[in-house]
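Heads up: the structure comes next, in structure tokens.
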Amino acid sequence: MRDDIYIYIGKNASDPLIEYCKNHHLDKLMLVADDNTFAAAGKHLSEKLKAAGFDVKMSLLKGEEIVANEQYFVQVMLDTGNEERTFIAVGSGSLTDITRFVSFHTRSNFIAYPTAASVDGYTSAGAPSVIAGFKKTVYCQSPLGVFGDIDVLSAAPQRMSASGFGDMLGKYIALADWRLGKLLWGESHDEAISQRVRVAVDKCVERVHEISQASTEGIQALMDGLIESGLCMLDANNSRPASGAEHQISHHLEMKLLWQHKPAVLHGIKVGAASVICAGYYDKLRRISRAEAIKQLDRAQQPTREQYEQEIAQAYPGIEDKVLAEQEPFISLSEQGYRDLKQKIADNWAEIQAIAASVPSSQQMAGWLKQVGGETDLTALGFSSAEVKEAVDYSHLLRHRFNVDKLSHLCGINLK
Ligand SMILES: [Zn+2]
């Protein structure tokens, strides 16, 4: 179980932050911000902290695109110097991850002061980082506390909130995928955590209009949902409750941008658009009768190791070994195991249909995304149709998880 993280999302977040730091004798602080977040929150926060008697230093990161990579890790370390300070990340995803990374590796305390409701990773212990050109999540530490000022969060660019909303909508897919994983692949599943995530995403959808208006009520609901999703991942000890096939499509595209040295696209914007695709799989699944499913299962051939190797070499050059290792439980499935899996699908078709029924339609998902100013089509984000097709065809290989797309790629159910 996680240690308790102090959470405050509301008005005047600097006040509870000051109180928290005083109560915990955190006198020497290191604020990490960039030009935008400094203007939005860092300047005001720094002044208030200084006025309250704290010793405050600032690391102001520069650059067109702030990425959690070696360059910025080193800069924050140099700015801090060789002294013990409590780090406060004033910003959204990347700034928080940079601060999480540096604080952990200097054995320092870390507090998050988010400036946008854009992602559910604030409470996370892992820092998605780019190390030597490859993206990996480095285990670091959760923050002691998350202090979000609702006025700052509400004033963030609408695209940031649309990203947070897209990240939340993905939970409909993630939760259904998780149940499929439990039913068909014996993955561990926690019903209570699953319910908590469901409530969190439903509450965001209920407030979709307010979120589109960036009202304090809307952004409060969105941020509460993102925080709850993050806490659920901590309690589950992995990202399963919050990340399914939609996150794998997004992850695939993110890697490709990195390899092509192109600028990143906001995480939740990609996840939202990918969720529309995955909701489409569930749409199609709902229309397949048990009799038709049995026909498709009968025709399905188990992919051979050579086929896996070929596909992985084509889609993931440079990280083939890692992807192969990830897929090994699927690759090494015995003939009998494969027959059993197909039988399990046929036997549990009613349950699979119940799971599919829990996912809103792709049309509904797209409608909500449009309402908040998100993107519903990955090609509108600058990806070519071929790139999107590649992500759709191969991203199931990125994790050893039984998501909805395994039904088609592994078991021959026609969802595409
Ligand atoms: Zn996410």
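Here's how to read the names in the structure tokens: chain A, B, ... by the order shown, residue numbers from 1 in each chain, ligand numbers from 1 in the order shown.
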Can you list every residue in region 41-286 of chain A that DSSP puts in alpha helix (DSSP H), as a ChimeraX atom specification?
-> /A:43-51,70-80,93-105,150-154,158-185,191-206,208-212,216-236,245-259,267-286
Counting only C-alpha atoms, what is within 12 Å of His44 (chain A), bar same-chain residues fewer than 6 positions away, as a ChimeraX atom specification?
-> /A:12-15,31,37-38,50-51,90,149,152
Neighbour list for region 127-132 of chain A as a list of chain:residue names, cut-off 7 Å, only C-alpha atoms, skip fewer than 5 positions in-chain | A:Ala68, A:Asn69, A:Glu70, A:Asp97, A:Arg100, A:Phe101, A:Thr137, A:Val138, A:Tyr139, A:Cys140
For Ile66 (chain A), list every protein, DNA or RNA residue within 9 Å, evaluated using only C-alpha atoms, and leave out those in the same chain fewer than 3 positions away; present the list as a count of residues only.
-> 8
Have a look at CA of Cys232 (chain A) and CA of Ala274 (chain A) and let me know their distance in Å, one decimal.
-> 21.7 Å
Which polymer residues have any atom within 7 Å of an atom of region 160-175 of chain A, counting only C-alpha atoms, with same-chain residues fewer than 2 positions away left out, as JSON, numbers by chain?
-> {"A": [116, 117, 118, 119, 156, 157, 158, 177, 178, 179, 194, 201, 222, 226, 241, 242, 243, 244, 245, 246, 266, 267, 268, 269, 271, 272, 275, 278, 279, 359, 369, 372, 373, 374]}
Write the selection just made, keeping N, CA and C atoms, as an mmCIF file, in the first residue's frame?
```
data_model
loop_
_atom_site.group_PDB
_atom_site.id
_atom_site.type_symbol
_atom_site.label_atom_id
_atom_site.label_comp_id
_atom_site.auth_asym_id
_atom_site.auth_seq_id
_atom_site.Cartn_x
_atom_site.Cartn_y
_atom_site.Cartn_z
ATOM 1 N N ALA A 116 -2.045 22.399 -14.569
ATOM 2 C CA ALA A 116 -3.063 22.038 -15.567
ATOM 3 C C ALA A 116 -3.644 20.666 -15.234
ATOM 4 N N ALA A 117 -4.947 20.515 -15.506
ATOM 5 C CA ALA A 117 -5.609 19.217 -15.299
ATOM 6 C C ALA A 117 -5.439 18.401 -16.572
ATOM 7 N N SER A 118 -4.185 18.046 -16.886
ATOM 8 C CA SER A 118 -3.891 17.496 -18.202
ATOM 9 C C SER A 118 -3.570 16.017 -18.210
ATOM 10 N N VAL A 119 -3.324 15.428 -17.039
ATOM 11 C CA VAL A 119 -2.809 14.053 -17.009
ATOM 12 C C VAL A 119 -3.081 13.453 -15.634
ATOM 13 N N ALA A 156 -5.625 27.372 -17.252
ATOM 14 C CA ALA A 156 -4.700 26.692 -18.177
ATOM 15 C C ALA A 156 -5.324 26.655 -19.576
ATOM 16 N N PRO A 157 -4.500 26.563 -20.627
ATOM 17 C CA PRO A 157 -5.067 26.482 -21.985
ATOM 18 C C PRO A 157 -6.067 25.322 -22.085
ATOM 19 N N GLN A 158 -7.156 25.546 -22.829
ATOM 20 C CA GLN A 158 -8.217 24.536 -22.935
ATOM 21 C C GLN A 158 -7.675 23.197 -23.438
ATOM 22 N N ASP A 177 -10.903 -3.559 -20.776
ATOM 23 C CA ASP A 177 -9.751 -4.402 -21.108
ATOM 24 C C ASP A 177 -9.274 -5.195 -19.889
ATOM 25 N N TRP A 178 -9.274 -4.523 -18.755
ATOM 26 C CA TRP A 178 -8.819 -5.178 -17.512
ATOM 27 C C TRP A 178 -9.717 -6.378 -17.188
ATOM 28 N N ARG A 179 -11.014 -6.188 -17.363
ATOM 29 C CA ARG A 179 -11.954 -7.300 -17.108
ATOM 30 C C ARG A 179 -11.754 -8.437 -18.110
ATOM 31 N N SER A 194 -11.473 -0.968 -9.582
ATOM 32 C CA SER A 194 -12.153 -0.798 -10.862
ATOM 33 C C SER A 194 -13.382 0.120 -10.703
ATOM 34 N N VAL A 201 -14.413 8.483 -13.753
ATOM 35 C CA VAL A 201 -14.601 8.883 -15.155
ATOM 36 C C VAL A 201 -16.055 9.301 -15.396
ATOM 37 N N LEU A 222 -12.700 17.361 -13.046
ATOM 38 C CA LEU A 222 -11.681 16.732 -13.892
ATOM 39 C C LEU A 222 -10.425 16.413 -13.079
ATOM 40 N N LEU A 226 -8.712 12.829 -12.219
ATOM 41 C CA LEU A 226 -7.334 12.483 -12.582
ATOM 42 C C LEU A 226 -6.546 12.029 -11.352
ATOM 43 N N PRO A 241 -5.504 -0.317 -14.022
ATOM 44 C CA PRO A 241 -6.831 0.302 -13.894
ATOM 45 C C PRO A 241 -7.039 1.515 -14.796
ATOM 46 N N ALA A 242 -5.951 2.069 -15.319
ATOM 47 C CA ALA A 242 -6.063 3.353 -16.014
ATOM 48 C C ALA A 242 -5.504 3.330 -17.420
ATOM 49 N N SER A 243 -5.069 2.174 -17.877
ATOM 50 C CA SER A 243 -4.364 2.130 -19.156
ATOM 51 C C SER A 243 -4.606 0.801 -19.854
ATOM 52 N N GLY A 244 -5.231 0.864 -21.046
ATOM 53 C CA GLY A 244 -5.497 -0.339 -21.836
ATOM 54 C C GLY A 244 -4.985 -0.169 -23.251
ATOM 55 N N ALA A 245 -5.722 -0.744 -24.198
ATOM 56 C CA ALA A 245 -5.289 -0.703 -25.604
ATOM 57 C C ALA A 245 -5.105 0.729 -26.101
ATOM 58 N N GLU A 246 -5.934 1.658 -25.608
ATOM 59 C CA GLU A 246 -5.851 3.058 -26.066
ATOM 60 C C GLU A 246 -4.518 3.686 -25.684
ATOM 61 N N LEU A 266 0.474 16.210 -26.825
ATOM 62 C CA LEU A 266 -0.007 16.021 -25.444
ATOM 63 C C LEU A 266 -0.570 14.615 -25.242
ATOM 64 N N HIS A 267 -0.149 13.986 -24.156
ATOM 65 C CA HIS A 267 -0.498 12.595 -23.865
ATOM 66 C C HIS A 267 -2.004 12.320 -23.976
ATOM 67 N N GLY A 268 -2.790 13.086 -23.242
ATOM 68 C CA GLY A 268 -4.225 12.797 -23.191
ATOM 69 C C GLY A 268 -4.968 13.124 -24.481
ATOM 70 N N ILE A 269 -4.390 14.000 -25.288
ATOM 71 C CA ILE A 269 -4.997 14.297 -26.597
ATOM 72 C C ILE A 269 -4.910 13.049 -27.475
ATOM 73 N N VAL A 271 -4.433 9.946 -26.306
ATOM 74 C CA VAL A 271 -5.195 8.877 -25.650
ATOM 75 C C VAL A 271 -6.690 9.016 -25.967
ATOM 76 N N GLY A 272 -7.183 10.251 -25.969
ATOM 77 C CA GLY A 272 -8.602 10.477 -26.273
ATOM 78 C C GLY A 272 -8.946 9.981 -27.671
ATOM 79 N N SER A 275 -8.873 6.333 -27.894
ATOM 80 C CA SER A 275 -10.024 5.731 -27.198
ATOM 81 C C SER A 275 -11.221 5.606 -28.137
ATOM 82 N N CYS A 278 -10.629 2.469 -30.063
ATOM 83 C CA CYS A 278 -10.850 1.255 -29.261
ATOM 84 C C CYS A 278 -12.330 1.085 -28.905
ATOM 85 N N ALA A 279 -13.025 2.199 -28.717
ATOM 86 C CA ALA A 279 -14.476 2.097 -28.488
ATOM 87 C C ALA A 279 -15.135 1.488 -29.729
ATOM 88 N N VAL A 359 -18.806 -0.203 -22.287
ATOM 89 C CA VAL A 359 -18.027 0.842 -22.971
ATOM 90 C C VAL A 359 -18.969 1.724 -23.792
ATOM 91 N N LEU A 369 -15.471 14.235 -26.634
ATOM 92 C CA LEU A 369 -14.152 14.832 -26.898
ATOM 93 C C LEU A 369 -14.287 16.151 -27.650
ATOM 94 N N VAL A 372 -15.204 19.152 -25.504
ATOM 95 C CA VAL A 372 -14.164 19.811 -24.688
ATOM 96 C C VAL A 372 -13.009 20.340 -25.530
ATOM 97 N N GLY A 373 -13.108 20.183 -26.848
ATOM 98 C CA GLY A 373 -12.027 20.701 -27.704
ATOM 99 C C GLY A 373 -10.890 19.710 -27.889
ATOM 100 N N GLY A 374 -11.176 18.439 -27.648
ATOM 101 C CA GLY A 374 -10.159 17.404 -27.879
ATOM 102 C C GLY A 374 -10.166 16.971 -29.332
#
```
Region 62-236 of chain A: which residues are strand (DSSP E) by DSSP, as a short mmCIF file (atom, residue, chain, number, x, y, z; two decimals) with all heavy atoms, in the first residue's frame?
```
data_model
loop_
_atom_site.label_atom_id
_atom_site.label_comp_id
_atom_site.auth_asym_id
_atom_site.auth_seq_id
_atom_site.Cartn_x
_atom_site.Cartn_y
_atom_site.Cartn_z
N THR A 86 13.62 20.79 -0.43
CA THR A 86 12.40 20.11 -0.86
C THR A 86 12.00 20.67 -2.21
O THR A 86 11.85 21.88 -2.37
CB THR A 86 11.27 20.35 0.16
OG1 THR A 86 11.64 19.73 1.39
CG2 THR A 86 9.95 19.77 -0.32
N PHE A 87 11.83 19.78 -3.18
CA PHE A 87 11.50 20.21 -4.54
C PHE A 87 10.00 20.41 -4.68
O PHE A 87 9.20 19.58 -4.23
CB PHE A 87 11.95 19.15 -5.55
CG PHE A 87 13.43 19.13 -5.78
CD1 PHE A 87 14.26 18.40 -4.93
CD2 PHE A 87 13.98 19.84 -6.83
CE1 PHE A 87 15.63 18.38 -5.15
CE2 PHE A 87 15.35 19.83 -7.05
CZ PHE A 87 16.18 19.09 -6.20
N ILE A 88 9.63 21.49 -5.33
CA ILE A 88 8.22 21.72 -5.65
C ILE A 88 8.11 21.89 -7.17
O ILE A 88 8.67 22.84 -7.74
CB ILE A 88 7.65 22.96 -4.93
CG1 ILE A 88 7.80 22.81 -3.41
CG2 ILE A 88 6.17 23.17 -5.32
CD1 ILE A 88 7.25 23.97 -2.60
N ALA A 89 7.41 20.97 -7.82
CA ALA A 89 7.22 21.05 -9.27
C ALA A 89 6.04 21.96 -9.55
O ALA A 89 4.91 21.66 -9.15
CB ALA A 89 6.95 19.67 -9.85
N VAL A 90 6.30 23.07 -10.22
CA VAL A 90 5.21 23.99 -10.60
C VAL A 90 4.99 23.82 -12.10
O VAL A 90 5.70 24.42 -12.91
CB VAL A 90 5.57 25.45 -10.27
CG1 VAL A 90 4.39 26.36 -10.57
CG2 VAL A 90 5.99 25.58 -8.81
N GLY A 91 4.06 22.96 -12.48
CA GLY A 91 3.85 22.71 -13.90
C GLY A 91 2.99 21.49 -14.13
O GLY A 91 2.38 20.97 -13.20
N PHE A 110 9.66 15.81 -2.28
CA PHE A 110 9.07 16.29 -3.55
C PHE A 110 7.59 16.55 -3.36
O PHE A 110 6.86 15.74 -2.78
CB PHE A 110 9.33 15.20 -4.61
CG PHE A 110 8.41 15.19 -5.79
CD1 PHE A 110 8.21 16.33 -6.56
CD2 PHE A 110 7.76 14.02 -6.16
CE1 PHE A 110 7.36 16.30 -7.66
CE2 PHE A 110 6.91 13.98 -7.24
CZ PHE A 110 6.71 15.12 -8.00
N ILE A 111 7.17 17.72 -3.83
CA ILE A 111 5.76 18.12 -3.76
C ILE A 111 5.33 18.56 -5.16
O ILE A 111 6.11 19.18 -5.88
CB ILE A 111 5.59 19.30 -2.75
CG1 ILE A 111 5.79 18.78 -1.31
CG2 ILE A 111 4.23 19.98 -2.89
CD1 ILE A 111 5.90 19.88 -0.27
N ALA A 112 4.11 18.21 -5.55
CA ALA A 112 3.61 18.61 -6.87
C ALA A 112 2.63 19.78 -6.73
O ALA A 112 1.74 19.75 -5.86
CB ALA A 112 2.92 17.44 -7.56
N TYR A 113 2.84 20.79 -7.56
CA TYR A 113 1.94 21.94 -7.60
C TYR A 113 1.48 22.08 -9.06
O TYR A 113 1.99 22.89 -9.83
CB TYR A 113 2.70 23.19 -7.13
CG TYR A 113 1.82 24.37 -6.77
CD1 TYR A 113 1.26 24.50 -5.50
CD2 TYR A 113 1.55 25.37 -7.71
CE1 TYR A 113 0.46 25.58 -5.17
CE2 TYR A 113 0.75 26.46 -7.39
CZ TYR A 113 0.21 26.56 -6.12
OH TYR A 113 -0.58 27.63 -5.80
N PRO A 114 0.53 21.21 -9.46
CA PRO A 114 0.15 21.15 -10.88
C PRO A 114 -0.50 22.45 -11.37
O PRO A 114 -1.25 23.10 -10.63
CB PRO A 114 -0.85 19.99 -10.95
CG PRO A 114 -1.30 19.76 -9.56
CD PRO A 114 -0.20 20.22 -8.65
N GLY A 126 6.37 6.71 -10.76
CA GLY A 126 7.24 6.56 -11.92
C GLY A 126 7.35 7.86 -12.71
O GLY A 126 6.40 8.63 -12.79
N ALA A 127 8.53 8.08 -13.25
CA ALA A 127 8.73 9.26 -14.11
C ALA A 127 8.98 8.79 -15.53
O ALA A 127 10.05 8.25 -15.82
CB ALA A 127 9.92 10.08 -13.61
N PRO A 128 8.01 8.96 -16.45
CA PRO A 128 8.27 8.66 -17.86
C PRO A 128 9.38 9.59 -18.35
O PRO A 128 9.23 10.80 -18.31
CB PRO A 128 6.94 8.96 -18.55
CG PRO A 128 5.92 9.02 -17.45
CD PRO A 128 6.66 9.47 -16.23
N SER A 129 10.49 9.02 -18.77
CA SER A 129 11.68 9.82 -19.10
C SER A 129 12.24 9.37 -20.44
O SER A 129 12.03 8.24 -20.86
CB SER A 129 12.77 9.61 -18.04
OG SER A 129 12.25 9.78 -16.75
N VAL A 130 12.95 10.28 -21.07
CA VAL A 130 13.66 9.93 -22.30
C VAL A 130 15.14 9.82 -21.95
O VAL A 130 15.79 10.81 -21.63
CB VAL A 130 13.44 11.01 -23.39
CG1 VAL A 130 14.19 10.61 -24.67
CG2 VAL A 130 11.96 11.17 -23.69
N ILE A 131 15.65 8.60 -21.96
CA ILE A 131 17.04 8.35 -21.60
C ILE A 131 17.74 7.80 -22.84
O ILE A 131 17.32 6.78 -23.37
CB ILE A 131 17.15 7.31 -20.45
CG1 ILE A 131 16.19 7.65 -19.29
CG2 ILE A 131 18.59 7.15 -19.99
CD1 ILE A 131 16.65 8.74 -18.36
N PHE A 134 15.53 6.92 -25.73
CA PHE A 134 14.42 5.98 -25.57
C PHE A 134 13.56 6.37 -24.37
O PHE A 134 14.07 6.80 -23.35
CB PHE A 134 14.93 4.55 -25.39
CG PHE A 134 15.37 3.93 -26.68
CD1 PHE A 134 16.71 3.93 -27.04
CD2 PHE A 134 14.44 3.40 -27.56
CE1 PHE A 134 17.12 3.39 -28.25
CE2 PHE A 134 14.83 2.86 -28.77
CZ PHE A 134 16.18 2.86 -29.12
N LYS A 135 12.28 6.16 -24.56
CA LYS A 135 11.35 6.51 -23.49
C LYS A 135 11.26 5.33 -22.53
O LYS A 135 11.05 4.19 -22.96
CB LYS A 135 9.97 6.80 -24.09
CG LYS A 135 8.96 7.24 -23.07
CD LYS A 135 8.31 8.52 -23.50
CE LYS A 135 7.46 9.05 -22.38
NZ LYS A 135 6.97 10.38 -22.63
N LYS A 136 11.42 5.60 -21.28
CA LYS A 136 11.16 4.56 -20.29
C LYS A 136 10.65 5.18 -19.01
O LYS A 136 10.96 6.34 -18.71
CB LYS A 136 12.41 3.71 -20.04
CG LYS A 136 13.59 4.46 -19.46
CD LYS A 136 14.81 3.58 -19.44
CE LYS A 136 15.01 2.95 -18.08
NZ LYS A 136 16.26 2.20 -17.96
N THR A 137 9.86 4.43 -18.28
CA THR A 137 9.37 4.93 -17.01
C THR A 137 10.33 4.51 -15.92
O THR A 137 10.53 3.33 -15.68
CB THR A 137 7.95 4.40 -16.75
OG1 THR A 137 7.09 4.91 -17.78
CG2 THR A 137 7.43 4.89 -15.41
N VAL A 138 10.95 5.52 -15.31
CA VAL A 138 11.95 5.25 -14.28
C VAL A 138 11.26 5.30 -12.92
O VAL A 138 10.60 6.30 -12.60
CB VAL A 138 13.08 6.30 -14.32
CG1 VAL A 138 14.15 6.01 -13.29
CG2 VAL A 138 13.69 6.36 -15.72
N TYR A 139 11.41 4.25 -12.14
CA TYR A 139 10.77 4.26 -10.82
C TYR A 139 11.45 5.30 -9.94
O TYR A 139 12.66 5.28 -9.76
CB TYR A 139 10.82 2.87 -10.16
CG TYR A 139 10.12 2.91 -8.84
CD1 TYR A 139 8.74 2.77 -8.76
CD2 TYR A 139 10.82 3.15 -7.67
CE1 TYR A 139 8.07 2.86 -7.55
CE2 TYR A 139 10.16 3.25 -6.45
CZ TYR A 139 8.78 3.10 -6.40
OH TYR A 139 8.13 3.22 -5.21
N GLY A 145 2.85 15.51 -1.34
CA GLY A 145 1.53 16.11 -1.46
C GLY A 145 1.31 16.68 -2.86
O GLY A 145 2.27 16.93 -3.59
N VAL A 146 0.05 16.83 -3.22
CA VAL A 146 -0.32 17.48 -4.48
C VAL A 146 -1.20 18.67 -4.11
O VAL A 146 -2.24 18.50 -3.46
CB VAL A 146 -1.09 16.54 -5.42
CG1 VAL A 146 -1.48 17.27 -6.71
CG2 VAL A 146 -0.28 15.30 -5.75
N PHE A 147 -0.77 19.87 -4.47
CA PHE A 147 -1.53 21.08 -4.15
C PHE A 147 -1.91 21.76 -5.47
O PHE A 147 -1.04 22.29 -6.17
CB PHE A 147 -0.69 22.02 -3.29
CG PHE A 147 -0.33 21.44 -1.95
CD1 PHE A 147 0.76 20.59 -1.81
CD2 PHE A 147 -1.11 21.69 -0.82
CE1 PHE A 147 1.08 20.03 -0.58
CE2 PHE A 147 -0.81 21.14 0.41
CZ PHE A 147 0.30 20.29 0.53
N GLY A 148 -3.17 21.70 -5.82
CA GLY A 148 -3.62 22.28 -7.08
C GLY A 148 -4.53 23.48 -6.82
O GLY A 148 -5.54 23.36 -6.13
N ASP A 149 -4.14 24.61 -7.36
CA ASP A 149 -4.95 25.82 -7.19
C ASP A 149 -6.00 25.85 -8.30
O ASP A 149 -5.65 25.93 -9.48
CB ASP A 149 -4.04 27.05 -7.26
CG ASP A 149 -4.80 28.30 -6.85
OD1 ASP A 149 -5.81 28.65 -7.51
OD2 ASP A 149 -4.38 28.93 -5.86
#
```
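The shortest atom-to-atom distance to ligand 1, with only C-alpha atoms and all ligand atoms taken into account, belongs to A:Asp120 out of A:Glu64, A:Asp120, A:Glu320, A:Glu84.
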For Val388 (chain A), which residue out of A:Glu328, A:Glu254, A:Glu83, A:Glu335 is the nearest one, using only C-alpha atoms?
->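 Between A:Glu328, A:Glu254, A:Glu83, A:Glu335, the residue approaching Val388 (chain A) most closely is A:Glu254.
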Which residues come within 12 Å of Lys22 (chain A), counting only C-alpha atoms, excluding same-chain residues fewer than 3 positions away, as a list in words?
->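 Selected residues are Asp15, Pro16, Leu17, Ile18, Glu19, His25, Leu26, Asp27, Lys28, Leu29, Leu49, Ala52, Gly53, Phe54 and Asp55 of chain A.
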Could those residues be written to a file, using N, CA, C and O atoms, as a PDB file, in the first residue's frame?
```pdb
ATOM      1  N   ASP A  15      -1.867  28.475   0.386  1.00  0.00           N
ATOM      2  CA  ASP A  15      -2.040  28.503   1.847  1.00  0.00           C
ATOM      3  C   ASP A  15      -1.862  27.122   2.480  1.00  0.00           C
ATOM      4  O   ASP A  15      -1.054  26.975   3.404  1.00  0.00           O
ATOM      5  N   PRO A  16      -2.607  26.108   2.011  1.00  0.00           N
ATOM      6  CA  PRO A  16      -2.365  24.780   2.599  1.00  0.00           C
ATOM      7  C   PRO A  16      -0.957  24.256   2.331  1.00  0.00           C
ATOM      8  O   PRO A  16      -0.412  23.512   3.147  1.00  0.00           O
ATOM      9  N   LEU A  17      -0.356  24.673   1.218  1.00  0.00           N
ATOM     10  CA  LEU A  17       1.020  24.252   0.945  1.00  0.00           C
ATOM     11  C   LEU A  17       1.967  24.835   1.999  1.00  0.00           C
ATOM     12  O   LEU A  17       2.832  24.135   2.544  1.00  0.00           O
ATOM     13  N   ILE A  18       1.797  26.122   2.290  1.00  0.00           N
ATOM     14  CA  ILE A  18       2.630  26.776   3.305  1.00  0.00           C
ATOM     15  C   ILE A  18       2.446  26.093   4.665  1.00  0.00           C
ATOM     16  O   ILE A  18       3.411  25.789   5.368  1.00  0.00           O
ATOM     17  N   GLU A  19       1.213  25.817   4.987  1.00  0.00           N
ATOM     18  CA  GLU A  19       0.923  25.174   6.269  1.00  0.00           C
ATOM     19  C   GLU A  19       1.583  23.786   6.323  1.00  0.00           C
ATOM     20  O   GLU A  19       2.186  23.413   7.334  1.00  0.00           O
ATOM     21  N   HIS A  25       8.344  21.007   8.743  1.00  0.00           N
ATOM     22  CA  HIS A  25       9.682  21.608   8.851  1.00  0.00           C
ATOM     23  C   HIS A  25      10.455  21.530   7.543  1.00  0.00           C
ATOM     24  O   HIS A  25      11.634  21.191   7.520  1.00  0.00           O
ATOM     25  N   LEU A  26       9.764  21.804   6.458  1.00  0.00           N
ATOM     26  CA  LEU A  26      10.412  21.849   5.148  1.00  0.00           C
ATOM     27  C   LEU A  26      10.723  23.319   4.867  1.00  0.00           C
ATOM     28  O   LEU A  26       9.925  24.040   4.282  1.00  0.00           O
ATOM     29  N   ASP A  27      11.882  23.777   5.355  1.00  0.00           N
ATOM     30  CA  ASP A  27      12.171  25.217   5.332  1.00  0.00           C
ATOM     31  C   ASP A  27      12.853  25.664   4.040  1.00  0.00           C
ATOM     32  O   ASP A  27      12.716  26.810   3.626  1.00  0.00           O
ATOM     33  N   LYS A  28      13.635  24.752   3.443  1.00  0.00           N
ATOM     34  CA  LYS A  28      14.400  25.136   2.250  1.00  0.00           C
ATOM     35  C   LYS A  28      13.749  24.497   1.029  1.00  0.00           C
ATOM     36  O   LYS A  28      13.671  23.268   0.922  1.00  0.00           O
ATOM     37  N   LEU A  29      13.306  25.359   0.122  1.00  0.00           N
ATOM     38  CA  LEU A  29      12.500  24.874  -1.008  1.00  0.00           C
ATOM     39  C   LEU A  29      13.183  25.165  -2.342  1.00  0.00           C
ATOM     40  O   LEU A  29      13.909  26.151  -2.480  1.00  0.00           O
ATOM     41  N   LEU A  49       5.715  32.226  -0.579  1.00  0.00           N
ATOM     42  CA  LEU A  49       6.577  31.377   0.256  1.00  0.00           C
ATOM     43  C   LEU A  49       7.667  32.214   0.929  1.00  0.00           C
ATOM     44  O   LEU A  49       7.965  32.034   2.109  1.00  0.00           O
ATOM     45  N   ALA A  52       6.358  34.173   3.690  1.00  0.00           N
ATOM     46  CA  ALA A  52       6.055  33.337   4.865  1.00  0.00           C
ATOM     47  C   ALA A  52       7.331  32.861   5.558  1.00  0.00           C
ATOM     48  O   ALA A  52       7.272  32.086   6.511  1.00  0.00           O
ATOM     49  N   GLY A  53       8.493  33.323   5.069  1.00  0.00           N
ATOM     50  CA  GLY A  53       9.741  33.054   5.759  1.00  0.00           C
ATOM     51  C   GLY A  53      10.537  31.872   5.237  1.00  0.00           C
ATOM     52  O   GLY A  53      11.543  31.482   5.830  1.00  0.00           O
ATOM     53  N   PHE A  54      10.138  31.284   4.115  1.00  0.00           N
ATOM     54  CA  PHE A  54      10.876  30.135   3.583  1.00  0.00           C
ATOM     55  C   PHE A  54      12.095  30.594   2.793  1.00  0.00           C
ATOM     56  O   PHE A  54      12.111  31.692   2.232  1.00  0.00           O
ATOM     57  N   ASP A  55      13.094  29.736   2.764  1.00  0.00           N
ATOM     58  CA  ASP A  55      14.282  29.940   1.925  1.00  0.00           C
ATOM     59  C   ASP A  55      13.956  29.307   0.565  1.00  0.00           C
ATOM     60  O   ASP A  55      13.862  28.088   0.453  1.00  0.00           O
TER      61      ASP A  55
END
```
